[in-house]
$ cat model04.txt   # compact mmCIF, C-alpha atoms
# COMPACT_ATOMS: atom_id res chain seq x y z
CA MET A 1 -43.80 -4.73 3.81
CA GLY A 2 -42.38 -7.29 6.19
CA ILE A 3 -39.75 -6.36 8.71
CA ALA A 4 -37.18 -8.64 7.07
CA LYS A 5 -37.81 -7.14 3.65
CA ARG A 6 -37.59 -3.61 5.00
CA ALA A 7 -34.34 -4.43 6.81
CA GLY A 8 -33.00 -5.90 3.58
CA VAL A 9 -33.85 -2.74 1.63
CA ILE A 10 -32.22 -0.53 4.27
CA GLY A 11 -29.20 -2.81 4.23
CA LEU A 12 -28.87 -2.42 0.46
CA TRP A 13 -29.01 1.37 0.76
CA VAL A 14 -26.35 1.33 3.47
CA LEU A 15 -24.22 -0.98 1.33
CA LEU A 16 -24.59 1.41 -1.62
CA VAL A 17 -23.43 4.32 0.54
CA LEU A 18 -20.46 2.36 1.92
CA VAL A 19 -19.31 1.06 -1.47
CA THR A 20 -19.61 4.53 -2.99
CA ALA A 21 -17.77 6.14 -0.08
CA VAL A 22 -14.91 3.61 -0.11
CA GLY A 23 -14.57 3.78 -3.90
CA THR A 24 -14.57 7.56 -3.89
CA ALA A 25 -12.03 7.76 -1.07
CA ALA A 26 -9.74 5.31 -2.90
CA ILE A 27 -9.97 7.29 -6.14
CA LYS A 28 -9.41 10.58 -4.31
CA GLN A 29 -6.27 9.18 -2.66
CA ARG A 30 -4.82 8.30 -6.07
CA PHE A 31 -4.50 12.02 -6.75
CA ALA A 32 -2.95 12.83 -3.38
CA ASP A 33 0.71 13.32 -2.46
CA GLY A 34 1.37 9.82 -1.22
CA PRO A 35 -0.73 7.08 0.35
CA ASN A 36 -2.82 7.42 3.46
CA ARG A 37 -3.68 4.33 5.51
CA VAL A 38 -4.38 1.51 3.08
CA PHE A 39 -5.31 3.23 -0.17
CA SER A 40 -2.60 3.83 -2.76
CA GLY A 41 -1.62 7.40 -3.39
CA GLY A 42 -0.18 9.39 -6.23
CA ALA A 43 3.41 10.47 -6.78
CA LEU A 44 5.46 11.53 -3.77
CA VAL A 45 5.84 15.24 -4.35
CA SER A 46 6.55 16.99 -1.06
CA GLY A 47 9.67 16.60 1.01
CA LYS A 48 13.32 17.33 0.39
CA LEU A 49 15.00 15.10 -2.20
CA TYR A 50 18.02 13.51 -0.51
CA ASN A 51 21.25 14.24 -2.31
CA GLY A 52 24.04 13.09 0.01
CA SER A 53 26.11 9.99 0.50
CA GLU A 54 24.44 6.62 0.99
CA PRO A 55 22.75 6.63 4.41
CA ASP A 56 23.06 3.88 6.96
CA TRP A 57 19.49 2.65 6.76
CA GLN A 58 19.57 1.11 10.21
CA PHE A 59 17.26 3.90 11.42
CA VAL A 60 14.29 2.48 9.47
CA ASN A 61 14.20 -0.45 11.89
CA ASP A 62 12.62 2.00 14.33
CA ILE A 63 9.98 3.09 11.79
CA SER A 64 6.89 0.98 11.19
CA THR A 65 6.23 1.96 7.56
CA ILE A 66 7.66 4.03 4.75
CA GLU A 67 6.09 5.40 1.59
CA LEU A 68 7.15 3.75 -1.66
CA GLN A 69 6.45 5.05 -5.14
CA LEU A 70 7.42 3.47 -8.42
CA LEU A 71 8.23 5.77 -11.30
CA GLU A 72 6.15 3.65 -13.66
CA PRO A 73 3.31 3.72 -12.77
CA ASP A 74 3.64 6.64 -10.38
CA HIS A 75 1.45 5.21 -7.65
CA SER A 76 2.58 5.06 -4.05
CA ARG A 77 1.78 2.81 -1.13
CA ARG A 78 2.66 2.47 2.53
CA ILE A 79 4.95 -0.48 3.07
CA TRP A 80 6.93 -2.36 5.70
CA THR A 81 10.68 -2.09 5.69
CA ALA A 82 13.78 -3.40 7.43
CA SER A 83 17.49 -2.83 7.27
CA VAL A 84 20.43 -5.19 7.68
CA ASP A 85 24.10 -4.31 7.14
CA GLY A 86 23.15 -0.75 6.29
CA LYS A 87 20.96 -1.81 3.34
CA ILE A 88 17.22 -1.19 3.13
CA TYR A 89 14.73 -3.83 2.07
CA VAL A 90 11.02 -3.87 1.19
CA TRP A 91 8.92 -6.90 0.40
CA SER A 92 5.53 -8.27 -0.49
CA GLY A 93 4.12 -11.43 1.04
CA TYR A 94 1.35 -13.85 0.09
CA MET A 95 2.44 -13.64 -3.54
CA ASN A 96 1.47 -17.26 -4.25
CA SER A 97 -2.01 -16.77 -2.86
CA LEU A 98 -5.02 -15.77 -4.93
CA VAL A 99 -5.36 -12.54 -2.94
CA GLY A 100 -1.73 -11.69 -3.57
CA LYS A 101 -2.00 -12.35 -7.28
CA LEU A 102 -5.15 -10.28 -7.62
CA TRP A 103 -4.36 -7.43 -5.23
CA LYS A 104 -0.62 -6.90 -5.37
CA SER A 105 0.50 -5.50 -8.67
CA TRP A 106 3.44 -3.38 -7.55
CA PRO A 107 5.96 -6.23 -7.11
CA ALA A 108 5.65 -7.28 -10.76
CA GLN A 109 5.77 -3.65 -11.82
CA ALA A 110 8.89 -3.14 -9.70
CA GLU A 111 10.54 -6.21 -11.21
CA HIS A 112 9.85 -4.77 -14.68
CA ASP A 113 11.04 -1.26 -13.82
CA GLY A 114 12.58 -0.91 -10.39
CA ARG A 115 13.06 2.85 -10.36
CA ALA A 116 11.42 4.08 -7.21
CA VAL A 117 11.21 6.89 -4.71
CA ILE A 118 10.82 6.25 -1.02
CA ARG A 119 9.85 8.85 1.53
CA VAL A 120 10.99 8.41 5.09
CA ASP A 121 10.27 11.03 7.74
CA GLY A 122 9.41 13.54 5.02
CA VAL A 123 12.64 13.03 3.06
CA ARG A 124 12.53 11.50 -0.43
CA TYR A 125 15.22 9.09 -1.64
CA GLU A 126 15.67 7.90 -5.23
CA ARG A 127 16.18 4.15 -5.24
CA GLN A 128 16.29 1.13 -7.52
CA LEU A 129 14.31 -1.89 -6.41
CA VAL A 130 16.28 -5.04 -7.08
CA ARG A 131 14.46 -8.30 -6.51
CA ILE A 132 16.27 -10.97 -4.49
CA LYS A 133 14.96 -14.36 -5.56
CA ARG A 134 17.10 -16.56 -3.34
CA GLY A 135 16.77 -16.54 0.41
CA ALA A 136 20.21 -17.96 1.16
CA GLY A 137 22.09 -15.64 3.47
CA LEU A 138 19.01 -13.66 4.43
CA ASP A 139 18.37 -15.37 7.77
CA GLU A 140 19.28 -12.24 9.71
CA LEU A 141 16.90 -10.15 7.60
CA THR A 142 13.96 -12.53 7.88
CA ALA A 143 14.53 -12.90 11.62
CA LEU A 144 14.44 -9.13 11.95
CA ILE A 145 11.23 -8.94 9.88
CA ASN A 146 9.59 -11.58 12.07
CA GLU A 147 10.64 -9.78 15.22
CA LYS A 148 9.50 -6.38 13.96
CA TYR A 149 6.19 -7.35 12.39
CA SER A 150 5.35 -10.76 13.87
CA SER A 151 5.58 -12.20 10.38
CA GLN A 152 6.55 -15.67 9.24
CA ALA A 153 9.23 -14.75 6.75
CA THR A 154 11.94 -17.30 6.07
CA PRO A 155 14.55 -17.76 3.36
CA ALA A 156 12.35 -20.63 2.13
CA THR A 157 9.36 -18.30 1.51
CA ILE A 158 11.66 -16.15 -0.63
CA ASP A 159 12.86 -19.21 -2.54
CA SER A 160 9.28 -20.36 -3.14
CA GLY A 161 8.23 -16.96 -4.48
CA ASP A 162 5.63 -16.46 -1.76
CA LEU A 163 7.61 -13.51 -0.43
CA TRP A 164 9.07 -11.15 -2.98
CA MET A 165 12.07 -9.42 -1.42
CA PHE A 166 13.57 -6.27 -2.88
CA GLU A 167 16.65 -4.36 -1.93
CA ALA A 168 16.01 -0.65 -2.37
CA ALA A 169 19.47 -0.05 -3.74
CA PRO A 170 21.01 3.27 -4.70
CA ARG A 171 19.90 4.08 -8.23
CA VAL A 172 23.33 5.24 -9.40
CA ALA A 173 25.10 2.14 -8.16
CA VAL A 174 22.77 -0.15 -10.10
CA GLY A 175 23.49 1.69 -13.35
CA SER A 176 27.21 1.34 -12.87
CA ARG A 177 27.15 -2.38 -12.04
CA MET B 178 -38.34 2.03 -11.81
CA ASN B 179 -37.11 5.40 -13.09
CA GLY B 180 -37.71 6.82 -9.64
CA LEU B 181 -35.56 4.10 -8.12
CA PHE B 182 -32.66 4.78 -10.47
CA ALA B 183 -32.93 8.50 -9.74
CA ARG B 184 -32.80 7.82 -6.01
CA ILE B 185 -29.77 5.53 -6.46
CA GLY B 186 -28.05 8.21 -8.52
CA LEU B 187 -28.84 10.85 -5.92
CA VAL B 188 -27.46 8.72 -3.07
CA VAL B 189 -24.29 7.92 -5.05
CA ALA B 190 -23.79 11.59 -5.98
CA VAL B 191 -24.36 12.93 -2.47
CA THR B 192 -22.08 10.28 -0.95
CA ALA B 193 -19.30 10.83 -3.49
CA LEU B 194 -19.46 14.61 -3.16
CA SER B 195 -19.42 14.36 0.63
CA VAL B 196 -16.26 12.25 0.52
CA LEU B 197 -14.64 14.52 -2.05
CA LEU B 198 -15.51 17.87 -0.54
CA ILE B 199 -15.92 17.57 3.22
CA PRO B 200 -12.49 17.50 4.93
CA GLY B 201 -11.81 14.40 6.99
CA VAL B 202 -14.60 12.27 5.57
CA ASP B 203 -12.24 10.44 3.21
CA ASP B 204 -9.88 9.66 6.09
CA GLY B 205 -12.75 8.40 8.22
CA VAL B 206 -13.98 6.18 5.41
CA GLU B 207 -10.48 4.76 4.93
CA LEU B 208 -10.15 4.11 8.68
CA LEU B 209 -13.48 2.26 8.63
CA PHE B 210 -12.36 0.24 5.62
CA GLN B 211 -9.06 -0.59 7.34
CA LEU B 212 -10.88 -1.79 10.44
CA VAL B 213 -13.24 -3.96 8.38
CA VAL B 214 -10.29 -5.52 6.54
CA LEU B 215 -8.43 -6.11 9.81
CA VAL B 216 -11.44 -7.77 11.42
CA ALA B 217 -12.17 -9.84 8.33
CA SER B 218 -8.59 -11.07 8.06
CA SER B 219 -8.17 -11.94 11.75
$ encode --input "model04.txt" --output "structure tokens"
Amino acid sequence: MGIAKRAGVIGLWVLLVLVTAVGTAAIKQRFADGPNRVFSGGALVSGKLYNGSEPDWQFVNDISTIELQLLEPDHSRRIWTASVDGKIYVWSGYMNSLVGKLWKSWPAQAEHDGRAVIRVDGVRYERQLVRIKRGAGLDELTALINEKYSSQATPATIDSGDLWMFEAAPRVAVGSR
Amino acid sequence: MNGLFARIGLVVAVTALSVLLIPGVDDGVELLFQLVVLVASS
């Protein structure tokens, strides 16, 4: 057997091990209490459920990521966040790209049923994700996002649908609107 | 050919069980995957 052929065979075995390992780790994470690094997790179970008055979410600007779980389906992921005027926002970028359309399913799920739980510093908060489709008036928010994450968010990317912005609003307040 | 399929099955089973049962392996695999994605996207 030639060296190239032998290297190719070894490469295929290594690829088989890597694909199996990554697939298994991703499936295993689906049954865990929350996400890990990049793989989605299961429902957020641990942590005290917050039951007080609406917090001033400004403190999340000092946190790189939070955990977000939709109620339907009850998968969770690690996500960027920012706060302006005491409100908390989450978002998904690259939504007009092929990768975004194929990979990111939670924004459409959240638009259909926005009931969510977020976990920040081990505390769970019940929220309602409300999509904001117009970027007008969100200059301060997008500037903060760009400063915090070196992103290229603008009100125009929200208008174009490339960036899906959600306010994680209080769940009770949405029902009474 | 049967021997090849059996070897593939054995490798898949051993790998999957290792990730499922040995503590820390899943985290290491995810870290590796994250690094690959970061490098590929940069």
$ residues_around --input "model04.txt" --residues "A:Gly34" --least-positions-apart "4" --cutoff "9 Å" --atoms "all atoms listed in the file" --output "JSON, numbers by chain"
{"A": [29, 30, 40, 41, 42, 43, 44, 45, 46, 67, 68, 69, 75, 76, 77, 78, 119]}
$ atom_distance --input "model04.txt" --atom1 "atom CA of A:Trp80" --atom2 "atom CA of A:Thr20"
28.8 Å
$ interface_residues --input "model04.txt" --of "chain B" --to "chain A" --cutoff "9 Å" --atoms "all atoms listed in the file" --output "PyMOL selection string"
chain B and resi 185+188-190+192-197+202-204+206-211
$ write_last_selection --input "model04.txt" --atoms "C-alpha atoms" --output "PDB file, in the frame of the given file"
ATOM      1  CA  ILE B 185     -29.770   5.530  -6.460  1.00  0.00           C
ATOM      2  CA  VAL B 188     -27.460   8.720  -3.070  1.00  0.00           C
ATOM      3  CA  VAL B 189     -24.290   7.920  -5.050  1.00  0.00           C
ATOM      4  CA  ALA B 190     -23.790  11.590  -5.980  1.00  0.00           C
ATOM      5  CA  THR B 192     -22.080  10.280  -0.950  1.00  0.00           C
ATOM      6  CA  ALA B 193     -19.300  10.830  -3.490  1.00  0.00           C
ATOM      7  CA  LEU B 194     -19.460  14.610  -3.160  1.00  0.00           C
ATOM      8  CA  SER B 195     -19.420  14.360   0.630  1.00  0.00           C
ATOM      9  CA  VAL B 196     -16.260  12.250   0.520  1.00  0.00           C
ATOM     10  CA  LEU B 197     -14.640  14.520  -2.050  1.00  0.00           C
ATOM     11  CA  VAL B 202     -14.600  12.270   5.570  1.00  0.00           C
ATOM     12  CA  ASP B 203     -12.240  10.440   3.210  1.00  0.00           C
ATOM     13  CA  ASP B 204      -9.880   9.660   6.090  1.00  0.00           C
ATOM     14  CA  VAL B 206     -13.980   6.180   5.410  1.00  0.00           C
ATOM     15  CA  GLU B 207     -10.480   4.760   4.930  1.00  0.00           C
ATOM     16  CA  LEU B 208     -10.150   4.110   8.680  1.00  0.00           C
ATOM     17  CA  LEU B 209     -13.480   2.260   8.630  1.00  0.00           C
ATOM     18  CA  PHE B 210     -12.360   0.240   5.620  1.00  0.00           C
ATOM     19  CA  GLN B 211      -9.060  -0.590   7.340  1.00  0.00           C
TER      20      GLN B 211
END
$ atom_distance --input "model04.txt" --atom1 "atom CA of A:Val84" --atom2 "atom CA of A:Glu140"
7.4 Å
$ atom_distance --input "model04.txt" --atom1 "atom CA of A:Ala82" --atom2 "atom CA of A:Trp164"
13.8 Å
$ closest_residue --input "model04.txt" --among "A:Ile145, A:Ala153, A:Val60, A:Ala108" --to "A:Val120" --atoms "all atoms listed in the file"
A:Val60
$ residues_around --input "model04.txt" --residues "A:Met95" --least-positions-apart "6" --cutoff "12 Å" --atoms "only C-alpha atoms" --output "CSV table (one decimal) with C-alpha atoms, keeping the file's coordinate frame"
chain,number,residue,atom,x,y,z
A,101,LYS,CA,-2.0,-12.4,-7.3
A,102,LEU,CA,-5.2,-10.3,-7.6
A,103,TRP,CA,-4.4,-7.4,-5.2
A,104,LYS,CA,-0.6,-6.9,-5.4
A,105,SER,CA,0.5,-5.5,-8.7
A,106,TRP,CA,3.4,-3.4,-7.6
A,107,PRO,CA,6.0,-6.2,-7.1
A,108,ALA,CA,5.6,-7.3,-10.8
A,157,THR,CA,9.4,-18.3,1.5
A,158,ILE,CA,11.7,-16.2,-0.6
A,159,ASP,CA,12.9,-19.2,-2.5
A,160,SER,CA,9.3,-20.4,-3.1
A,161,GLY,CA,8.2,-17.0,-4.5
A,162,ASP,CA,5.6,-16.5,-1.8
A,163,LEU,CA,7.6,-13.5,-0.4
A,164,TRP,CA,9.1,-11.2,-3.0
A,165,MET,CA,12.1,-9.4,-1.4
$ closest_residue --input "model04.txt" --among "A:Ser150, A:Asn51, A:Gln128, A:Thr81" --to "A:Ala168" --atoms "only C-alpha atoms"
A:Gln128
